[in-house]
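Enquirer: Structure file final_1.cif (mmCIF, C-alpha atoms) is given on the next line.
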data_target
#
loop_
_atom_site.label_atom_id
_atom_site.label_comp_id
_atom_site.auth_asym_id
_atom_site.auth_seq_id
_atom_site.Cartn_x
_atom_site.Cartn_y
_atom_site.Cartn_z
CA MET A 1 114.66 178.85 3.74
CA GLU A 2 115.10 175.13 4.14
CA VAL A 3 112.20 172.87 3.68
CA LYS A 4 111.84 169.69 3.61
CA GLU A 5 111.11 166.27 2.60
CA ALA A 6 107.50 165.33 3.13
CA GLU A 7 107.65 162.83 5.91
CA PRO A 8 105.89 159.63 4.95
CA ASN A 9 105.22 157.32 7.86
CA SER A 10 108.02 154.97 8.81
CA SER A 11 106.47 151.88 7.22
CA MET A 12 105.91 153.75 3.95
CA ARG A 13 109.48 155.06 3.98
CA ARG A 14 110.84 151.54 4.56
CA ALA A 15 108.70 150.20 1.71
CA LEU A 16 109.96 152.97 -0.61
CA LEU A 17 113.54 152.25 0.45
CA VAL A 18 113.19 148.54 -0.35
CA ILE A 19 111.58 149.28 -3.73
CA ASN A 20 114.28 151.80 -4.63
CA CYS A 21 117.04 149.42 -3.56
CA PHE A 22 115.53 146.76 -5.82
CA VAL A 23 115.27 149.17 -8.77
CA LEU A 24 118.83 150.35 -8.11
CA ALA A 25 120.04 146.74 -8.06
CA ILE A 26 118.56 146.07 -11.49
CA GLY A 27 120.11 149.19 -12.97
CA ASN A 28 123.46 148.90 -11.22
CA CYS A 29 123.96 145.27 -12.23
CA GLY A 30 122.32 145.28 -15.64
CA GLY A 31 123.52 148.65 -16.95
CA PRO A 32 127.28 147.92 -17.06
CA LEU A 33 126.67 144.46 -18.53
CA MET A 34 124.52 145.83 -21.37
CA MET A 35 127.04 148.58 -22.04
CA ARG A 36 129.96 146.13 -22.13
CA LEU A 37 127.94 143.79 -24.37
CA TYR A 38 127.57 146.65 -26.84
CA PHE A 39 131.34 147.26 -26.95
CA ILE A 40 132.36 143.58 -26.98
CA HIS A 41 130.35 142.84 -30.13
CA GLY A 42 131.52 145.75 -32.23
CA GLY A 43 129.99 148.92 -30.75
CA LYS A 44 132.42 151.83 -30.85
CA ARG A 45 130.38 154.98 -30.22
CA VAL A 46 131.17 156.29 -26.74
CA TRP A 47 128.83 159.29 -26.97
CA PHE A 48 125.98 157.04 -28.13
CA SER A 49 126.63 154.68 -25.23
CA SER A 50 126.62 157.70 -22.88
CA TRP A 51 123.33 158.86 -24.40
CA LEU A 52 121.74 155.47 -23.65
CA GLU A 53 122.47 155.90 -19.93
CA THR A 54 119.91 158.70 -19.63
CA GLY A 55 118.08 158.63 -22.98
CA GLY A 56 115.24 156.59 -21.50
CA TRP A 57 114.05 159.55 -19.41
CA PRO A 58 110.54 159.66 -21.04
CA ILE A 59 109.81 156.38 -19.23
CA ILE A 60 109.57 158.38 -15.99
CA LEU A 61 106.52 160.16 -17.39
CA PHE A 62 104.46 156.99 -16.84
CA PRO A 63 104.90 156.76 -13.04
CA ILE A 64 104.54 160.57 -12.81
CA ALA A 65 101.23 160.35 -14.69
CA TRP A 66 100.09 157.44 -12.50
CA ALA A 67 100.93 159.44 -9.35
CA TYR A 68 98.94 162.41 -10.71
CA LEU A 69 95.88 160.29 -11.48
CA HIS A 70 96.13 158.69 -8.04
CA ARG A 71 96.22 162.12 -6.39
CA ARG A 72 93.18 163.24 -8.38
CA ARG A 73 91.19 160.27 -7.15
CA THR A 74 92.29 160.38 -3.52
CA GLN A 75 92.92 164.10 -2.98
CA PRO A 76 90.65 166.04 -5.34
CA THR A 77 91.63 169.70 -5.21
CA SER A 78 92.08 172.57 -7.60
CA ARG A 79 95.75 172.81 -6.52
CA ASN A 80 96.51 169.29 -7.76
CA LYS A 81 99.04 169.71 -10.57
CA PHE A 82 100.77 167.31 -12.95
CA PHE A 83 104.18 168.83 -12.15
CA PHE A 84 105.14 170.25 -8.74
CA MET A 85 108.64 171.43 -9.56
CA LYS A 86 109.32 175.15 -9.07
CA PRO A 87 111.94 177.12 -11.09
CA PRO A 88 114.77 177.07 -8.47
CA LEU A 89 114.54 173.31 -8.13
CA PHE A 90 114.30 172.94 -11.91
CA ILE A 91 117.51 174.94 -12.39
CA ALA A 92 119.34 172.93 -9.71
CA SER A 93 118.18 169.66 -11.30
CA ALA A 94 119.29 170.88 -14.75
CA VAL A 95 122.79 171.74 -13.47
CA ILE A 96 123.15 168.34 -11.80
CA GLY A 97 121.83 166.77 -15.01
CA ILE A 98 124.59 168.41 -17.05
CA LEU A 99 127.17 167.12 -14.57
CA THR A 100 125.57 163.67 -14.93
CA GLY A 101 125.95 163.91 -18.70
CA PHE A 102 129.69 164.50 -18.36
CA ASP A 103 129.88 161.60 -15.89
CA ASP A 104 128.03 159.39 -18.41
CA TYR A 105 130.72 160.07 -20.99
CA LEU A 106 133.61 159.44 -18.60
CA TYR A 107 132.04 156.18 -17.45
CA ALA A 108 131.21 154.97 -20.98
CA TYR A 109 134.76 155.72 -22.12
CA GLY A 110 136.13 153.62 -19.27
CA VAL A 111 133.79 150.70 -19.96
CA ALA A 112 134.78 150.81 -23.64
CA ARG A 113 138.44 150.32 -22.72
CA LEU A 114 138.32 148.20 -19.57
CA PRO A 115 136.69 144.87 -18.61
CA VAL A 116 133.67 144.88 -16.33
CA SER A 117 135.82 143.70 -13.42
CA THR A 118 137.66 147.02 -13.56
CA SER A 119 134.41 148.76 -12.64
CA SER A 120 135.60 147.95 -9.13
CA LEU A 121 137.90 150.94 -9.48
CA ILE A 122 134.88 153.13 -10.11
CA ILE A 123 132.96 151.82 -7.13
CA ALA A 124 135.96 151.78 -4.81
CA ALA A 125 136.82 155.40 -5.45
CA GLN A 126 133.20 156.51 -5.72
CA LEU A 127 132.25 155.27 -2.27
CA ALA A 128 135.21 157.00 -0.67
CA PHE A 129 134.44 160.26 -2.49
CA THR A 130 130.73 159.97 -1.71
CA ALA A 131 131.54 159.66 1.99
CA GLY A 132 133.92 162.63 1.86
CA PHE A 133 131.60 164.90 -0.10
CA ALA A 134 128.62 163.85 2.06
CA PHE A 135 130.58 164.98 5.12
CA LEU A 136 131.45 168.33 3.52
CA LEU A 137 128.14 169.13 1.79
CA VAL A 138 125.42 167.69 4.01
CA LYS A 139 127.30 167.19 7.30
CA GLN A 140 126.80 163.44 7.14
CA LYS A 141 127.29 161.92 10.59
CA PHE A 142 129.40 158.77 10.77
CA THR A 143 129.20 155.97 13.30
CA SER A 144 131.81 153.30 13.89
CA TYR A 145 129.58 150.92 11.88
CA SER A 146 129.26 153.21 8.84
CA ILE A 147 133.01 153.94 8.88
CA ASN A 148 133.68 150.20 9.05
CA ALA A 149 131.27 149.61 6.15
CA VAL A 150 132.92 152.27 3.96
CA PHE A 151 136.34 150.81 4.75
CA LEU A 152 135.35 147.20 4.04
CA LEU A 153 133.44 148.02 0.85
CA THR A 154 136.30 150.16 -0.46
CA ILE A 155 138.88 147.48 0.34
CA GLY A 156 136.66 144.80 -1.21
CA ALA A 157 136.32 146.73 -4.44
CA GLY A 158 140.03 147.54 -4.41
CA VAL A 159 140.86 143.84 -4.12
CA LEU A 160 139.04 143.30 -7.40
CA ALA A 161 141.28 145.88 -9.04
CA LEU A 162 144.44 143.94 -8.15
CA ASN A 163 144.08 141.59 -11.07
CA THR A 164 142.69 143.90 -13.73
CA SER A 165 145.89 144.02 -15.80
CA SER A 166 145.52 140.32 -16.64
CA ASP A 167 142.03 141.09 -17.98
CA ARG A 168 143.26 143.71 -20.45
CA PRO A 169 141.34 143.34 -23.72
CA GLU A 170 143.29 142.06 -26.72
CA ASN A 171 144.43 144.48 -29.42
CA GLU A 172 144.32 147.40 -26.99
CA SER A 173 147.34 149.64 -26.57
CA ASN A 174 148.80 150.58 -23.22
CA LYS A 175 147.83 154.21 -23.88
CA GLU A 176 144.16 153.26 -24.43
CA TYR A 177 144.14 151.17 -21.27
CA VAL A 178 145.65 153.99 -19.19
CA MET A 179 143.17 156.49 -20.65
CA GLY A 180 140.31 154.16 -19.78
CA PHE A 181 141.68 153.86 -16.26
CA LEU A 182 141.97 157.64 -15.80
CA MET A 183 138.51 158.32 -17.25
CA THR A 184 137.04 155.71 -14.90
CA ILE A 185 138.64 157.36 -11.89
CA ALA A 186 137.36 160.76 -13.05
CA ALA A 187 133.84 159.30 -13.36
CA ALA A 188 134.12 157.94 -9.81
CA VAL A 189 135.13 161.33 -8.43
CA LEU A 190 132.35 163.16 -10.28
CA TYR A 191 129.56 160.76 -9.31
CA GLY A 192 130.86 160.69 -5.76
CA PHE A 193 130.20 164.45 -5.81
CA ILE A 194 126.81 164.20 -7.56
CA LEU A 195 125.15 161.93 -4.96
CA PRO A 196 125.67 164.28 -1.98
CA LEU A 197 124.84 167.22 -4.26
CA VAL A 198 121.40 165.69 -4.87
CA GLU A 199 120.93 165.30 -1.11
CA LEU A 200 121.96 168.93 -0.61
CA MET A 201 119.43 169.98 -3.25
CA TYR A 202 116.70 168.15 -1.32
CA LYS A 203 117.68 169.92 1.89
CA LYS A 204 117.92 173.40 0.35
CA ALA A 205 114.83 173.19 -1.87
CA LYS A 206 112.27 175.90 -1.19
CA GLN A 207 109.40 173.45 -1.52
CA GLU A 208 108.30 170.20 0.05
CA ILE A 209 110.06 167.15 -1.39
CA SER A 210 107.73 164.22 -2.03
CA TYR A 211 108.50 161.02 -3.90
CA ALA A 212 106.44 162.30 -6.86
CA LEU A 213 108.75 165.30 -6.96
CA VAL A 214 111.78 163.01 -6.75
CA MET A 215 110.62 161.39 -10.01
CA GLU A 216 110.31 164.83 -11.61
CA ILE A 217 113.85 165.65 -10.48
CA GLN A 218 115.06 162.38 -11.99
CA MET A 219 113.37 163.19 -15.29
CA VAL A 220 114.84 166.70 -15.51
CA MET A 221 118.33 165.48 -14.58
CA CYS A 222 118.24 162.78 -17.24
CA LEU A 223 116.73 165.15 -19.81
CA PHE A 224 119.61 167.62 -19.50
CA ALA A 225 122.21 164.83 -19.37
CA THR A 226 120.69 163.48 -22.59
CA VAL A 227 120.80 166.93 -24.23
CA LEU A 228 124.52 167.14 -23.45
CA CYS A 229 125.15 163.65 -24.84
CA THR A 230 123.06 164.48 -27.94
CA VAL A 231 125.35 167.45 -28.64
CA GLY A 232 128.32 165.13 -28.26
CA MET A 233 126.77 162.66 -30.70
CA LEU A 234 126.16 165.44 -33.24
CA VAL A 235 129.73 166.69 -33.00
CA ASN A 236 131.06 163.12 -33.26
CA ASN A 237 128.71 162.24 -36.19
CA ASP A 238 127.30 159.27 -34.27
CA PHE A 239 123.83 159.59 -35.80
CA LYS A 240 125.27 159.04 -39.28
CA VAL A 241 126.92 155.73 -38.46
CA ILE A 242 124.39 154.04 -36.14
CA SER A 243 122.62 152.19 -38.98
CA ARG A 244 125.95 150.94 -40.37
CA GLU A 245 127.16 149.91 -36.92
CA ALA A 246 123.89 148.02 -36.39
CA ARG A 247 124.41 146.05 -39.64
CA GLU A 248 127.96 145.13 -38.61
CA PHE A 249 127.08 144.29 -34.98
CA GLY A 250 128.36 140.89 -33.90
CA LEU A 251 125.00 139.65 -32.61
CA GLY A 252 123.02 140.90 -35.62
CA GLU A 253 121.18 144.11 -36.51
CA THR A 254 117.99 143.30 -34.59
CA LYS A 255 119.87 142.47 -31.40
CA TYR A 256 121.83 145.71 -31.75
CA TYR A 257 118.64 147.70 -31.29
CA VAL A 258 117.42 145.31 -28.57
CA VAL A 259 120.66 145.92 -26.63
CA ALA A 260 120.37 149.68 -27.12
CA ILE A 261 116.71 149.91 -26.01
CA SER A 262 117.21 147.51 -23.09
CA SER A 263 120.24 149.50 -21.96
CA ALA A 264 118.27 152.77 -21.96
CA ILE A 265 115.48 151.21 -19.88
CA ILE A 266 117.78 149.47 -17.38
CA TRP A 267 119.89 152.57 -16.77
CA GLN A 268 116.78 154.49 -15.76
CA GLY A 269 116.42 152.00 -12.93
CA PHE A 270 119.92 152.90 -11.74
CA PHE A 271 119.37 156.66 -11.68
CA LEU A 272 115.86 156.54 -10.22
CA GLY A 273 116.93 154.00 -7.60
CA ALA A 274 120.02 156.06 -6.64
CA ILE A 275 118.16 159.33 -6.01
CA GLY A 276 115.23 157.42 -4.48
CA VAL A 277 117.52 155.86 -1.88
CA ILE A 278 118.89 159.36 -1.15
CA PHE A 279 115.31 160.54 -0.56
CA CYS A 280 114.50 157.61 1.73
CA ALA A 281 117.84 157.50 3.54
CA SER A 282 120.98 159.43 2.49
CA SER A 283 123.61 159.79 -0.24
CA LEU A 284 125.95 157.61 1.83
CA VAL A 285 123.42 154.76 1.89
CA SER A 286 123.02 155.13 -1.88
CA GLY A 287 126.79 154.89 -2.33
CA ILE A 288 126.98 151.88 -0.03
CA MET A 289 124.20 150.10 -1.96
CA ILE A 290 126.04 150.70 -5.24
CA ALA A 291 129.21 149.26 -3.72
CA VAL A 292 127.41 146.26 -2.23
CA LEU A 293 126.03 145.36 -5.66
CA LEU A 294 129.49 145.32 -7.24
CA PRO A 295 130.22 141.63 -6.55
CA VAL A 296 126.81 140.72 -7.98
CA THR A 297 127.77 142.51 -11.19
CA GLU A 298 131.04 140.58 -11.20
CA ILE A 299 129.25 137.23 -10.88
CA LEU A 300 126.81 138.15 -13.65
CA ALA A 301 129.77 139.17 -15.85
CA VAL A 302 131.29 135.72 -15.28
CA ILE A 303 128.01 134.00 -16.20
CA PHE A 304 126.91 136.09 -19.18
CA LEU A 305 130.11 137.66 -20.54
CA LYS A 306 132.34 134.66 -19.74
CA GLU A 307 134.81 136.71 -17.72
CA LYS A 308 137.18 134.94 -15.37
CA PHE A 309 136.30 134.58 -11.68
CA GLN A 310 139.57 134.88 -9.79
CA ALA A 311 140.02 134.35 -6.07
CA GLU A 312 140.11 138.14 -5.64
CA LYS A 313 136.45 138.32 -6.64
CA GLY A 314 135.49 135.82 -3.96
CA VAL A 315 137.35 137.84 -1.34
CA ALA A 316 135.67 141.03 -2.56
CA LEU A 317 132.26 139.39 -2.31
CA ALA A 318 132.89 138.38 1.30
CA LEU A 319 134.19 141.84 2.27
CA SER A 320 131.25 143.59 0.57
CA LEU A 321 128.70 141.41 2.35
CA TRP A 322 130.50 142.03 5.64
CA GLY A 323 130.39 145.78 5.04
CA PHE A 324 126.70 145.62 4.12
CA VAL A 325 125.82 143.70 7.29
CA SER A 326 127.99 146.03 9.38
CA TYR A 327 126.23 149.16 8.13
CA PHE A 328 122.69 147.91 8.56
CA TYR A 329 123.44 146.31 11.94
CA GLY A 330 124.62 149.74 13.03
CA GLU A 331 121.47 151.34 11.66
CA ILE A 332 119.28 148.88 13.58
CA LYS A 333 121.18 149.61 16.80
CA GLN A 334 120.87 153.37 16.25
CA THR A 335 117.13 153.07 15.58
CA LYS A 336 116.59 151.08 18.78
CA LYS A 337 118.70 153.57 20.74
CA LYS A 338 116.68 156.55 19.45
CA LYS A 339 113.44 154.73 20.20
CA ARG A 340 114.50 154.07 23.81
CA ALA A 341 115.59 157.70 24.18
CA LEU A 342 112.23 158.95 22.94
CA GLU A 343 110.37 156.65 25.34
CA THR A 344 112.52 157.91 28.22
CA GLU A 345 111.95 161.56 27.33
CA MET A 346 108.17 161.26 26.97
CA PRO A 347 106.52 163.25 29.77
CA PRO A 348 104.10 161.40 32.04
CA VAL A 349 100.43 161.70 31.19
CA PRO A 350 98.93 164.38 33.44
CA THR A 351 96.20 163.27 35.78
CA SER A 352 93.11 165.33 36.55
CA PRO A 353 93.08 166.83 40.01
CA GLU A 354 91.02 165.01 42.54
CA THR A 355 87.70 166.58 43.29
CA VAL A 356 86.69 166.96 46.86
#
Since I need it in another form, could you write the structure as C-alpha cells?
Expert:
Amino acid sequence: MEVKEAEPNSSMRRALLVINCFVLAIGNCGGPLMMRLYFIHGGKRVWFSSWLETGGWPIILFPIAWAYLHRRRTQPTSRNKFFFMKPPLFIASAVIGILTGFDDYLYAYGVARLPVSTSSLIIAAQLAFTAGFAFLLVKQKFTSYSINAVFLLTIGAGVLALNTSSDRPENESNKEYVMGFLMTIAAAVLYGFILPLVELMYKKAKQEISYALVMEIQMVMCLFATVLCTVGMLVNNDFKVISREAREFGLGETKYYVVAISSAIIWQGFFLGAIGVIFCASSLVSGIMIAVLLPVTEILAVIFLKEKFQAEKGVALALSLWGFVSYFYGEIKQTKKKKRALETEMPPVPTSPETV
C-alpha cells in the first residue's frame, strides 16, 4: 500500500519549501564551520564531533509540541495525538538514523583531517550519487535543465577540489590526509544514498505524511544516530576527556562549550531542512540546494576561519549559481507547461438543455 504525502495547497507548499531551504542554508553553512572551529583550536574527538551533528534532537520536540497544541485549538478531536508515527515508519526512520550516525562519523573524520574547502569533494560526489540513487530508488525524472544543473554544480564543486593539496594542514602526515580524503568520499556516497532513501520512505509509508510527521521522522533519525555515536564515544573514552579538552581548548573553556552547543543546534537545521525539502520537493532538489550552498560556506570560511580564497573558488561560485538558476528556470517552465496542459484538458462546462 502506498500512501501519501498530505497535499498542502500550493502556496503552503511553496512557503514550507522556502522555510526549509532557509533552515537548510543555516545548517549547511554553519555546521561545517563550527565543526572545523572545534578541530582548529585543539578539539580531537571525532566521535564527540559526530555526536554533536545529531545530539540536538530534543530541540525538535518544541515544534512538535507547538504543532500539537495548534491542532488541538483548530481541529479538536479525540483522535488528535502528540505523535502520529506508526511502528513501520518508526523502524524505517530508526534504520536510516543508524546509517546517518555512520555518515556523521565519516564526515567528522574528514573535517578533522581536511580544510573546509575540501568539503567540495563531499558535495561534488554527494550530488552525483544523490542523482543516481534518486533515479534507481524513486524513479526520479530528469529534464535537460536538471541534468545541466547536476553537471554544473558537480563541476563547480570539483573545481574547488583542484587546489586542496595546497591547503593541507601543517603537521599532518600524508597517510592522515589520504584517510581524511577517503572517509570524506565514503560520507558523500552514504549521504547520497540516504536522501533518496528518505524520499522512498515517504512514498512507501503506510500512513499519510504531513509536515508534523516529517519532524517526528527527523527526531527519530537523529535519536538513533545519536545512540550510535554515544556508543562510539563510550568505546573511545570520549566522555572521560571532554572536561580536560575543554580546559585546553584554544579559545578557552567557556567557548569550548559554546562551540559544542551551537554546533548541536545548527546541525539540527541542516537535517530538518534536508528532509523538509525532500517532503516539499524531492531528494534531488535537496541535494542541489546543499551543493548550491557550498560556495557560501567557502566564503564564510575565508571570512571567519581565514582560509585562502583562490580563483578556483570564484569559478565554483559562478558555476554553482548558474546551475541553481538553470534548475529553477526549468522548474518554472515545467510548472507553466503543466498548467497549460491542465487548462487544455479541462472539459467545457455543460449547459442546461433549452426548455421549450
Enquirer: Pick out the closest residue to Glu307 (chain A) from this set: A:Gly287, A:Arg36, A:Pro196, A:Lys240. Count all atoms listed in the file.
Expert: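 Residue with the minimum atom-to-atom distance to Glu307 (chain A): A:Arg36.
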Enquirer: Could you check the closest approach to Tyr329 (chain A) for each of A:Arg14, A:Met34, A:Ser144, A:Leu99 and tell me which residue wins, using only C-alpha atoms?
Expert: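 Residue with the minimum atom-to-atom distance to Tyr329 (chain A): A:Ser144.
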Enquirer: Which residue out of A:Gly158, A:Gly110, A:Gly27, A:Pro58 has the minimum interatomic distance to Ile290 (chain A) when all atoms listed in the file are used?
Expert: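 Result for the nearest residue to Ile290 (chain A): A:Gly27.
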Enquirer: For a quick check of understanding, using only C-alpha atoms, which of A:Gly156, A:Glu176, A:Thr130, A:Leu17 has the smallest distance to Ser320 (chain A)?
Expert: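 When distances to Ser320 (chain A) are compared using only C-alpha atoms, the smallest one comes from A:Gly156.
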Enquirer: Taking the file as shown, find all residues satisfying the PyMOL selection byres ((chain A and resi 321) around 10) and write them as a list in words.
Expert: Ala149, Leu152, Leu153, Gly156, Ala291, Val292, Leu293, Pro295, Ala316, Leu317, Ala318, Leu319, Ser320, Trp322, Gly323, Phe324, Val325, Ser326 and Tyr327 of chain A
Enquirer: Which one of A:Asn28, A:Asn148, A:Thr344, A:Ser10 sits closest to Trp267 (chain A) if you count only C-alpha atoms?
Expert: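 Checking each of A:Asn28, A:Asn148, A:Thr344, A:Ser10 against Trp267 (chain A), counting only C-alpha atoms, the winner is A:Asn28.
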Enquirer: Can you work out the spacing between CA of Phe129 (chain A) and CA of Leu294 (chain A) in Å, to one decimal?
Expert: 16.4 Å
Enquirer: Give the answer as one residue: which of A:Ser11, A:Glu170, A:Tyr211, A:Arg45 has the shortest atom-to-atom distance to Ile242 (chain A), using all atoms listed in the file?
Expert: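 Looking only at the distances to Ile242 (chain A), the closest residue turns out to be A:Arg45.
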